[in-house]
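What's in protein.cif: mmCIF, N, CA, C and O atoms
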data_final
#
loop_
_atom_site.label_atom_id
_atom_site.label_comp_id
_atom_site.auth_asym_id
_atom_site.auth_seq_id
_atom_site.Cartn_x
_atom_site.Cartn_y
_atom_site.Cartn_z
N MET A 1 55.02 136.08 78.66
CA MET A 1 55.28 136.07 80.08
C MET A 1 55.55 137.50 80.52
O MET A 1 56.32 138.21 79.90
N ARG A 2 54.97 137.88 81.62
CA ARG A 2 55.17 139.23 82.13
C ARG A 2 56.57 139.35 82.72
O ARG A 2 57.12 138.37 83.24
N PRO A 3 57.17 140.55 82.70
CA PRO A 3 58.50 140.75 83.27
C PRO A 3 58.56 140.37 84.75
O PRO A 3 59.55 139.83 85.20
N SER A 4 57.51 140.63 85.49
CA SER A 4 57.54 140.31 86.91
C SER A 4 57.54 138.80 87.14
O SER A 4 58.05 138.32 88.15
N ALA A 5 57.00 138.03 86.24
CA ALA A 5 57.00 136.57 86.37
C ALA A 5 58.33 135.98 85.90
O ALA A 5 58.73 134.91 86.34
N ARG A 6 59.00 136.68 85.01
CA ARG A 6 60.27 136.20 84.48
C ARG A 6 61.41 136.34 85.50
O ARG A 6 62.31 135.51 85.55
N THR A 7 61.40 137.38 86.28
CA THR A 7 62.49 137.68 87.20
C THR A 7 62.75 136.54 88.19
O THR A 7 63.90 136.11 88.33
N PRO A 8 61.74 136.00 88.88
CA PRO A 8 62.02 134.90 89.80
C PRO A 8 62.59 133.67 89.09
O PRO A 8 63.45 132.97 89.63
N SER A 9 62.13 133.41 87.87
CA SER A 9 62.66 132.27 87.11
C SER A 9 64.13 132.45 86.79
O SER A 9 64.93 131.52 86.90
N ILE A 10 64.49 133.65 86.38
CA ILE A 10 65.89 133.94 86.05
C ILE A 10 66.76 133.83 87.30
O ILE A 10 67.83 133.24 87.28
N LEU A 11 66.27 134.38 88.40
CA LEU A 11 67.04 134.31 89.65
C LEU A 11 67.18 132.88 90.14
O LEU A 11 68.24 132.49 90.64
N ALA A 12 66.14 132.09 89.99
CA ALA A 12 66.21 130.68 90.41
C ALA A 12 67.23 129.92 89.56
O ALA A 12 68.03 129.13 90.08
N ALA A 13 67.23 130.16 88.26
CA ALA A 13 68.19 129.49 87.38
C ALA A 13 69.62 129.91 87.70
O ALA A 13 70.54 129.08 87.72
N LEU A 14 69.81 131.18 87.99
CA LEU A 14 71.13 131.67 88.35
C LEU A 14 71.61 131.06 89.66
O LEU A 14 72.76 130.64 89.78
N ALA A 15 70.72 130.97 90.63
CA ALA A 15 71.08 130.37 91.91
C ALA A 15 71.46 128.90 91.75
O ALA A 15 72.42 128.42 92.36
N LEU A 16 70.73 128.18 90.92
CA LEU A 16 71.07 126.77 90.68
C LEU A 16 72.41 126.63 89.98
O LEU A 16 73.21 125.75 90.30
N ALA A 17 72.67 127.50 89.02
CA ALA A 17 73.95 127.43 88.30
C ALA A 17 75.11 127.74 89.22
O ALA A 17 76.13 127.05 89.20
N LEU A 18 74.99 128.76 90.03
CA LEU A 18 76.07 129.11 90.95
C LEU A 18 76.23 128.07 92.04
O LEU A 18 77.34 127.76 92.46
N GLY A 19 75.15 127.53 92.51
CA GLY A 19 75.21 126.48 93.53
C GLY A 19 75.93 125.25 93.02
O GLY A 19 76.71 124.63 93.73
N GLY A 20 75.69 124.90 91.78
CA GLY A 20 76.38 123.76 91.18
C GLY A 20 77.86 124.00 91.05
O GLY A 20 78.68 123.10 91.24
N ALA A 21 78.25 125.24 90.75
CA ALA A 21 79.66 125.56 90.63
C ALA A 21 80.36 125.47 91.98
O ALA A 21 81.49 125.02 92.07
N VAL A 22 79.68 125.86 93.03
CA VAL A 22 80.27 125.79 94.36
C VAL A 22 80.42 124.34 94.80
O VAL A 22 81.43 123.96 95.38
N ILE A 23 79.45 123.52 94.49
CA ILE A 23 79.51 122.11 94.89
C ILE A 23 80.62 121.38 94.16
O ILE A 23 81.32 120.55 94.74
N THR A 24 80.85 121.69 92.89
CA THR A 24 81.85 120.97 92.11
C THR A 24 83.25 121.56 92.23
O THR A 24 84.20 120.97 91.75
N ALA A 25 83.39 122.71 92.85
CA ALA A 25 84.71 123.32 92.99
C ALA A 25 85.58 122.48 93.93
O ALA A 25 85.12 122.03 94.97
N PRO A 26 86.84 122.25 93.56
CA PRO A 26 87.70 121.45 94.42
C PRO A 26 88.10 122.23 95.67
O PRO A 26 88.20 123.45 95.66
N SER A 27 88.34 121.50 96.72
CA SER A 27 88.75 122.13 97.97
C SER A 27 90.25 122.37 97.95
O SER A 27 91.03 121.51 97.54
N ALA A 28 90.67 123.51 98.41
CA ALA A 28 92.08 123.84 98.46
C ALA A 28 92.82 122.90 99.40
O ALA A 28 93.94 122.50 99.15
N GLN A 29 92.20 122.55 100.47
CA GLN A 29 92.85 121.69 101.46
C GLN A 29 93.10 120.28 100.93
O GLN A 29 94.00 119.62 101.39
N ALA A 30 92.30 119.84 100.00
CA ALA A 30 92.48 118.49 99.47
C ALA A 30 93.85 118.34 98.84
O ALA A 30 94.52 117.32 99.01
N ASP A 31 94.31 119.36 98.12
CA ASP A 31 95.61 119.28 97.46
C ASP A 31 96.74 119.40 98.47
O ASP A 31 97.74 118.69 98.36
N VAL A 32 96.60 120.27 99.43
CA VAL A 32 97.61 120.41 100.47
C VAL A 32 97.69 119.12 101.28
O VAL A 32 98.77 118.63 101.60
N LYS A 33 96.54 118.54 101.57
CA LYS A 33 96.50 117.28 102.33
C LYS A 33 97.17 116.16 101.57
O LYS A 33 97.85 115.32 102.16
N ALA A 34 96.98 116.12 100.26
CA ALA A 34 97.62 115.08 99.45
C ALA A 34 99.14 115.18 99.55
O ALA A 34 99.83 114.17 99.68
N CYS A 35 99.64 116.39 99.53
CA CYS A 35 101.08 116.62 99.68
C CYS A 35 101.55 116.19 101.06
O CYS A 35 102.55 115.47 101.19
N GLU A 36 100.82 116.60 102.10
CA GLU A 36 101.20 116.25 103.47
C GLU A 36 101.18 114.73 103.67
O GLU A 36 102.06 114.17 104.32
N GLN A 37 100.16 114.08 103.11
CA GLN A 37 100.06 112.62 103.24
C GLN A 37 101.20 111.92 102.52
O GLN A 37 101.72 110.90 102.99
N TYR A 38 101.61 112.46 101.38
CA TYR A 38 102.73 111.86 100.65
C TYR A 38 104.00 111.94 101.49
O TYR A 38 104.74 110.97 101.60
N VAL A 39 104.23 113.10 102.09
CA VAL A 39 105.42 113.27 102.93
C VAL A 39 105.33 112.32 104.13
O VAL A 39 106.32 111.66 104.48
N ALA A 40 104.18 112.24 104.76
CA ALA A 40 104.02 111.37 105.93
C ALA A 40 104.28 109.91 105.58
O ALA A 40 104.86 109.16 106.38
N LYS A 41 103.89 109.51 104.39
CA LYS A 41 104.06 108.11 103.97
C LYS A 41 105.51 107.80 103.58
O LYS A 41 106.02 106.73 103.87
N HIS A 42 106.18 108.77 102.93
CA HIS A 42 107.51 108.49 102.39
C HIS A 42 108.67 109.09 103.19
O HIS A 42 109.82 108.76 102.92
N ALA A 43 108.36 109.98 104.11
CA ALA A 43 109.39 110.58 104.96
C ALA A 43 108.78 110.83 106.33
O ALA A 43 108.57 111.96 106.75
N ALA A 44 108.49 109.75 107.03
CA ALA A 44 107.72 109.82 108.28
C ALA A 44 108.38 110.69 109.34
O ALA A 44 107.70 111.25 110.19
N ASN A 45 109.69 110.82 109.31
CA ASN A 45 110.39 111.61 110.33
C ASN A 45 110.28 113.12 110.09
O ASN A 45 110.66 113.90 110.94
N VAL A 46 109.77 113.52 108.95
CA VAL A 46 109.65 114.93 108.62
C VAL A 46 108.25 115.40 109.00
O VAL A 46 107.26 114.89 108.49
N THR A 47 108.17 116.36 109.92
CA THR A 47 106.85 116.86 110.34
C THR A 47 106.80 118.39 110.35
O THR A 47 105.80 118.97 109.97
N ASP A 48 107.85 119.04 110.82
CA ASP A 48 107.83 120.50 110.95
C ASP A 48 107.93 121.16 109.58
O ASP A 48 108.78 120.82 108.77
N GLY A 49 107.04 122.12 109.34
CA GLY A 49 107.10 122.91 108.12
C GLY A 49 106.48 122.28 106.89
O GLY A 49 106.51 122.88 105.81
N VAL A 50 105.94 121.09 107.03
CA VAL A 50 105.39 120.39 105.86
C VAL A 50 104.16 121.11 105.32
O VAL A 50 104.03 121.32 104.12
N ALA A 51 103.25 121.52 106.20
CA ALA A 51 102.03 122.18 105.75
C ALA A 51 102.34 123.47 105.00
O ALA A 51 101.74 123.74 103.95
N GLU A 52 103.28 124.24 105.52
CA GLU A 52 103.63 125.49 104.86
C GLU A 52 104.27 125.24 103.50
O GLU A 52 103.96 125.92 102.52
N ALA A 53 105.14 124.25 103.43
CA ALA A 53 105.79 123.92 102.17
C ALA A 53 104.75 123.43 101.15
O ALA A 53 104.77 123.84 99.99
N CYS A 54 103.83 122.58 101.60
CA CYS A 54 102.81 122.06 100.69
C CYS A 54 101.89 123.17 100.20
O CYS A 54 101.46 123.16 99.05
N TYR A 55 101.61 124.14 101.05
CA TYR A 55 100.79 125.27 100.62
C TYR A 55 101.51 126.06 99.53
O TYR A 55 100.89 126.51 98.57
N GLN A 56 102.81 126.20 99.66
CA GLN A 56 103.58 126.90 98.62
C GLN A 56 103.45 126.17 97.28
O GLN A 56 103.33 126.79 96.23
N GLY A 57 103.48 124.86 97.33
CA GLY A 57 103.28 124.08 96.11
C GLY A 57 101.89 124.26 95.55
O GLY A 57 101.70 124.36 94.33
N TYR A 58 100.91 124.32 96.43
CA TYR A 58 99.52 124.48 95.99
C TYR A 58 99.32 125.80 95.25
O TYR A 58 98.61 125.85 94.25
N VAL A 59 99.96 126.87 95.73
CA VAL A 59 99.78 128.17 95.08
C VAL A 59 100.67 128.33 93.86
O VAL A 59 100.69 129.38 93.23
N GLY A 60 101.46 127.30 93.53
CA GLY A 60 102.24 127.32 92.31
C GLY A 60 103.72 127.58 92.48
O GLY A 60 104.46 127.63 91.51
N ASN A 61 104.18 127.76 93.70
CA ASN A 61 105.59 128.02 93.95
C ASN A 61 106.30 126.69 94.27
O ASN A 61 106.63 126.40 95.42
N LEU A 62 106.50 125.89 93.23
CA LEU A 62 107.09 124.57 93.43
C LEU A 62 108.54 124.64 93.89
O LEU A 62 109.00 123.78 94.64
N THR A 63 109.26 125.66 93.48
CA THR A 63 110.65 125.82 93.91
C THR A 63 110.72 125.98 95.42
O THR A 63 111.52 125.33 96.10
N SER A 64 109.88 126.83 95.97
CA SER A 64 109.84 127.05 97.41
C SER A 64 109.38 125.80 98.14
O SER A 64 109.91 125.44 99.18
N CYS A 65 108.38 125.13 97.58
CA CYS A 65 107.88 123.89 98.18
C CYS A 65 108.99 122.85 98.26
O CYS A 65 109.25 122.28 99.32
N ASN A 66 109.69 122.63 97.14
CA ASN A 66 110.78 121.64 97.11
C ASN A 66 111.89 121.99 98.09
O ASN A 66 112.32 121.15 98.88
N SER A 67 112.35 123.23 98.04
CA SER A 67 113.47 123.61 98.91
C SER A 67 113.08 123.58 100.38
O SER A 67 113.89 123.19 101.23
N SER A 68 111.83 123.93 100.69
CA SER A 68 111.39 123.89 102.09
C SER A 68 111.31 122.47 102.60
O SER A 68 111.71 122.18 103.74
N LEU A 69 110.82 121.56 101.79
CA LEU A 69 110.73 120.16 102.23
C LEU A 69 112.11 119.54 102.38
O LEU A 69 112.37 118.78 103.32
N VAL A 70 113.02 119.85 101.46
CA VAL A 70 114.39 119.34 101.58
C VAL A 70 115.05 119.91 102.83
O VAL A 70 115.76 119.20 103.55
N ALA A 71 114.79 121.18 103.12
CA ALA A 71 115.39 121.82 104.30
C ALA A 71 114.94 121.18 105.61
O ALA A 71 115.69 121.17 106.57
N VAL A 72 113.71 120.64 105.64
CA VAL A 72 113.24 120.02 106.87
C VAL A 72 113.53 118.52 106.93
O VAL A 72 113.14 117.85 107.87
N GLY A 73 114.20 118.00 105.90
CA GLY A 73 114.67 116.62 105.98
C GLY A 73 114.13 115.64 104.96
O GLY A 73 114.50 114.47 104.99
N ALA A 74 113.28 116.06 104.07
CA ALA A 74 112.78 115.15 103.04
C ALA A 74 113.83 115.02 101.93
O ALA A 74 114.60 115.95 101.68
N SER A 75 113.85 113.88 101.28
CA SER A 75 114.77 113.71 100.15
C SER A 75 114.25 114.55 98.97
O SER A 75 113.09 114.95 98.93
N LYS A 76 115.13 114.77 98.00
CA LYS A 76 114.73 115.56 96.83
C LYS A 76 113.60 114.88 96.06
O LYS A 76 112.69 115.54 95.56
N ASP A 77 113.67 113.56 95.97
CA ASP A 77 112.62 112.82 95.25
C ASP A 77 111.27 112.92 95.95
O ASP A 77 110.24 113.13 95.31
N VAL A 78 111.29 112.75 97.27
CA VAL A 78 110.05 112.85 98.04
C VAL A 78 109.49 114.27 97.95
O VAL A 78 108.29 114.47 97.74
N ALA A 79 110.36 115.26 98.09
CA ALA A 79 109.92 116.65 98.01
C ALA A 79 109.29 116.95 96.66
O ALA A 79 108.22 117.56 96.58
N SER A 80 109.92 116.51 95.60
CA SER A 80 109.42 116.78 94.25
C SER A 80 108.05 116.14 94.04
O SER A 80 107.12 116.78 93.55
N SER A 81 107.91 114.89 94.43
CA SER A 81 106.64 114.18 94.25
C SER A 81 105.54 114.78 95.12
O SER A 81 104.40 114.91 94.70
N ALA A 82 105.89 115.13 96.35
CA ALA A 82 104.90 115.73 97.26
C ALA A 82 104.42 117.07 96.74
O ALA A 82 103.23 117.38 96.77
N CYS A 83 105.34 117.87 96.25
CA CYS A 83 104.96 119.19 95.73
C CYS A 83 104.10 119.05 94.48
O CYS A 83 103.17 119.83 94.28
N GLU A 84 104.37 118.07 93.66
CA GLU A 84 103.51 117.82 92.49
C GLU A 84 102.12 117.39 92.93
O GLU A 84 101.14 117.74 92.30
N ALA A 85 102.05 116.64 94.04
CA ALA A 85 100.74 116.20 94.55
C ALA A 85 99.92 117.38 95.06
O ALA A 85 98.70 117.31 95.13
N SER A 86 100.59 118.46 95.43
CA SER A 86 99.87 119.62 95.97
C SER A 86 99.19 120.44 94.88
O SER A 86 98.37 121.28 95.18
N ARG A 87 99.52 120.20 93.64
CA ARG A 87 98.96 121.01 92.55
C ARG A 87 97.62 120.57 92.13
O ARG A 87 97.00 119.76 92.17
#
Is it possible to give me this structure as structure tokens?
Amino acid sequence: MRPSARTPSILAALALALGGAVITAPSAQADVKACEQYVAKHAANVTDGVAEACYQGYVGNLTSCNSSLVAVGASKDVASSACEASR
């Protein structure tokens, strides 16, 4: 095979491989949404600051996530479970 004929094949294979990785990559919002939905289901009166707290859990700062949710009115159990859902 000539080098000029090989190049498009290699590029096509690379594009397919990268495209598949993008399609299968999880969405960041899905984890934050799971946390927010958990709070909404188990602590319906808590609304302010939930998204920010859940994002902290998503990025790995579970301590901040827990303390933020407790500060806005969620119980410790709800906060802990919601923050775990964000991971």
Which residues fall under the PyMOL selection byres ((chain A and resi 49) around 8) in this file, as an NGL selection string?
-> :A and (46-48 or 50-56 or 64-65 or 68-69 or 72)
Atomic distance atom C of Arg87 in chain A - atom O of Ala71 in chain A, expressed in Å with one decimal = 23.1 Å
Would you mind telling me which residue in A:Glu84, A:Ala74, A:Cys35, A:Ala40 lies nearest to Leu62 in chain A when using only C-alpha atoms?
->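 Going through A:Glu84, A:Ala74, A:Cys35, A:Ala40 one by one, the smallest distance to Leu62 in chain A is for A:Glu84.
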A:Gly73, A:Tyr58, A:Gln37, A:Ala43: which is nearest Ser86 in chain A, counting only N, CA, C and O atoms?
->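 Of A:Gly73, A:Tyr58, A:Gln37, A:Ala43, the one nearest Ser86 in chain A, counting only N, CA, C and O atoms, is A:Tyr58.
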Give the answer as one residue: which of A:Cys83, A:Gly60, A:Val70, A:Lys76 has the shortest atom-to-atom distance to Tyr38 in chain A, using all atoms listed in the file?
-> A:Cys83
Of the listed residues A:Val39, A:Ala44, A:Ala85, A:Ala79, that which approaches Asn66 in chain A most closely, counting all atoms listed in the file |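 Counting all atoms listed in the file, the residue closest to Asn66 in chain A is A:Ala79.
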Which distance in Å separates atom O of Asn61 in chain A and CA of His42 in chain A, to one decimal?
-> 19.2 Å
Which residues in range 32-77 of chain A does DSSP call helix (DSSP H, G or I)? List them as a PyMOL selection string.
-> chain A and resi 32-42+50-58+62-71+76-77
Would you mind exporting N, CA, C and O atoms of the selected residues as a CSV table (one decimal), keeping the file's coordinate frame?
chain,number,residue,atom,x,y,z
A,32,VAL,N,96.6,120.3,99.4
A,32,VAL,CA,97.6,120.4,100.5
A,32,VAL,C,97.7,119.1,101.3
A,32,VAL,O,98.8,118.6,101.6
A,33,LYS,N,96.5,118.5,101.6
A,33,LYS,CA,96.5,117.3,102.3
A,33,LYS,C,97.2,116.2,101.6
A,33,LYS,O,97.8,115.3,102.2
A,34,ALA,N,97.0,116.1,100.3
A,34,ALA,CA,97.6,115.1,99.4
A,34,ALA,C,99.1,115.2,99.6
A,34,ALA,O,99.8,114.2,99.7
A,35,CYS,N,99.6,116.4,99.5
A,35,CYS,CA,101.1,116.6,99.7
A,35,CYS,C,101.6,116.2,101.1
A,35,CYS,O,102.6,115.5,101.2
A,36,GLU,N,100.8,116.6,102.1
A,36,GLU,CA,101.2,116.2,103.5
A,36,GLU,C,101.2,114.7,103.7
A,36,GLU,O,102.1,114.2,104.3
A,37,GLN,N,100.2,114.1,103.1
A,37,GLN,CA,100.1,112.6,103.2
A,37,GLN,C,101.2,111.9,102.5
A,37,GLN,O,101.7,110.9,103.0
A,38,TYR,N,101.6,112.5,101.4
A,38,TYR,CA,102.7,111.9,100.6
A,38,TYR,C,104.0,111.9,101.5
A,38,TYR,O,104.7,111.0,101.6
A,39,VAL,N,104.2,113.1,102.1
A,39,VAL,CA,105.4,113.3,102.9
A,39,VAL,C,105.3,112.3,104.1
A,39,VAL,O,106.3,111.7,104.5
A,40,ALA,N,104.2,112.2,104.8
A,40,ALA,CA,104.0,111.4,105.9
A,40,ALA,C,104.3,109.9,105.6
A,40,ALA,O,104.9,109.2,106.4
A,41,LYS,N,103.9,109.5,104.4
A,41,LYS,CA,104.1,108.1,104.0
A,41,LYS,C,105.5,107.8,103.6
A,41,LYS,O,106.0,106.7,103.9
A,42,HIS,N,106.2,108.8,102.9
A,42,HIS,CA,107.5,108.5,102.4
A,42,HIS,C,108.7,109.1,103.2
A,42,HIS,O,109.8,108.8,102.9
A,50,VAL,N,105.9,121.1,107.0
A,50,VAL,CA,105.4,120.4,105.9
A,50,VAL,C,104.2,121.1,105.3
A,50,VAL,O,104.0,121.3,104.1
A,51,ALA,N,103.2,121.5,106.2
A,51,ALA,CA,102.0,122.2,105.8
A,51,ALA,C,102.3,123.5,105.0
A,51,ALA,O,101.7,123.7,104.0
A,52,GLU,N,103.3,124.2,105.5
A,52,GLU,CA,103.6,125.5,104.9
A,52,GLU,C,104.3,125.2,103.5
A,52,GLU,O,104.0,125.9,102.5
A,53,ALA,N,105.1,124.2,103.4
A,53,ALA,CA,105.8,123.9,102.2
A,53,ALA,C,104.8,123.4,101.2
A,53,ALA,O,104.8,123.8,100.0
A,54,CYS,N,103.8,122.6,101.6
A,54,CYS,CA,102.8,122.1,100.7
A,54,CYS,C,101.9,123.2,100.2
A,54,CYS,O,101.5,123.2,99.0
A,55,TYR,N,101.6,124.1,101.0
A,55,TYR,CA,100.8,125.3,100.6
A,55,TYR,C,101.5,126.1,99.5
A,55,TYR,O,100.9,126.5,98.6
A,56,GLN,N,102.8,126.2,99.7
A,56,GLN,CA,103.6,126.9,98.6
A,56,GLN,C,103.4,126.2,97.3
A,56,GLN,O,103.3,126.8,96.2
A,57,GLY,N,103.5,124.9,97.3
A,57,GLY,CA,103.3,124.1,96.1
A,57,GLY,C,101.9,124.3,95.6
A,57,GLY,O,101.7,124.4,94.3
A,58,TYR,N,100.9,124.3,96.4
A,58,TYR,CA,99.5,124.5,96.0
A,58,TYR,C,99.3,125.8,95.2
A,58,TYR,O,98.6,125.8,94.2
A,62,LEU,N,106.5,125.9,93.2
A,62,LEU,CA,107.1,124.6,93.4
A,62,LEU,C,108.5,124.6,93.9
A,62,LEU,O,109.0,123.8,94.6
A,63,THR,N,109.3,125.7,93.5
A,63,THR,CA,110.6,125.8,93.9
A,63,THR,C,110.7,126.0,95.4
A,63,THR,O,111.5,125.3,96.1
A,64,SER,N,109.9,126.8,96.0
A,64,SER,CA,109.8,127.0,97.4
A,64,SER,C,109.4,125.8,98.1
A,64,SER,O,109.9,125.4,99.2
A,65,CYS,N,108.4,125.1,97.6
A,65,CYS,CA,107.9,123.9,98.2
A,65,CYS,C,109.0,122.8,98.3
A,65,CYS,O,109.2,122.3,99.3
A,66,ASN,N,109.7,122.6,97.1
A,66,ASN,CA,110.8,121.6,97.1
A,66,ASN,C,111.9,122.0,98.1
A,66,ASN,O,112.3,121.2,98.9
A,67,SER,N,112.4,123.2,98.0
A,67,SER,CA,113.5,123.6,98.9
A,67,SER,C,113.1,123.6,100.4
A,67,SER,O,113.9,123.2,101.2
A,68,SER,N,111.8,123.9,100.7
A,68,SER,CA,111.4,123.9,102.1
A,68,SER,C,111.3,122.5,102.6
A,68,SER,O,111.7,122.2,103.7
A,69,LEU,N,110.8,121.6,101.8
A,69,LEU,CA,110.7,120.2,102.2
A,69,LEU,C,112.1,119.5,102.4
A,69,LEU,O,112.4,118.8,103.3
A,70,VAL,N,113.0,119.8,101.5
A,70,VAL,CA,114.4,119.3,101.6
A,70,VAL,C,115.0,119.9,102.8
A,70,VAL,O,115.8,119.2,103.6
A,71,ALA,N,114.8,121.2,103.1
A,71,ALA,CA,115.4,121.8,104.3
A,71,ALA,C,114.9,121.2,105.6
A,71,ALA,O,115.7,121.2,106.6
A,76,LYS,N,115.1,114.8,98.0
A,76,LYS,CA,114.7,115.6,96.8
A,76,LYS,C,113.6,114.9,96.1
A,76,LYS,O,112.7,115.5,95.6
A,77,ASP,N,113.7,113.6,96.0
A,77,ASP,CA,112.6,112.8,95.2
A,77,ASP,C,111.3,112.9,96.0
A,77,ASP,O,110.2,113.1,95.3
Separation of atom C of Ser75 in chain A and atom O of Lys41 in chain A, in Å?
-> 12.4 Å
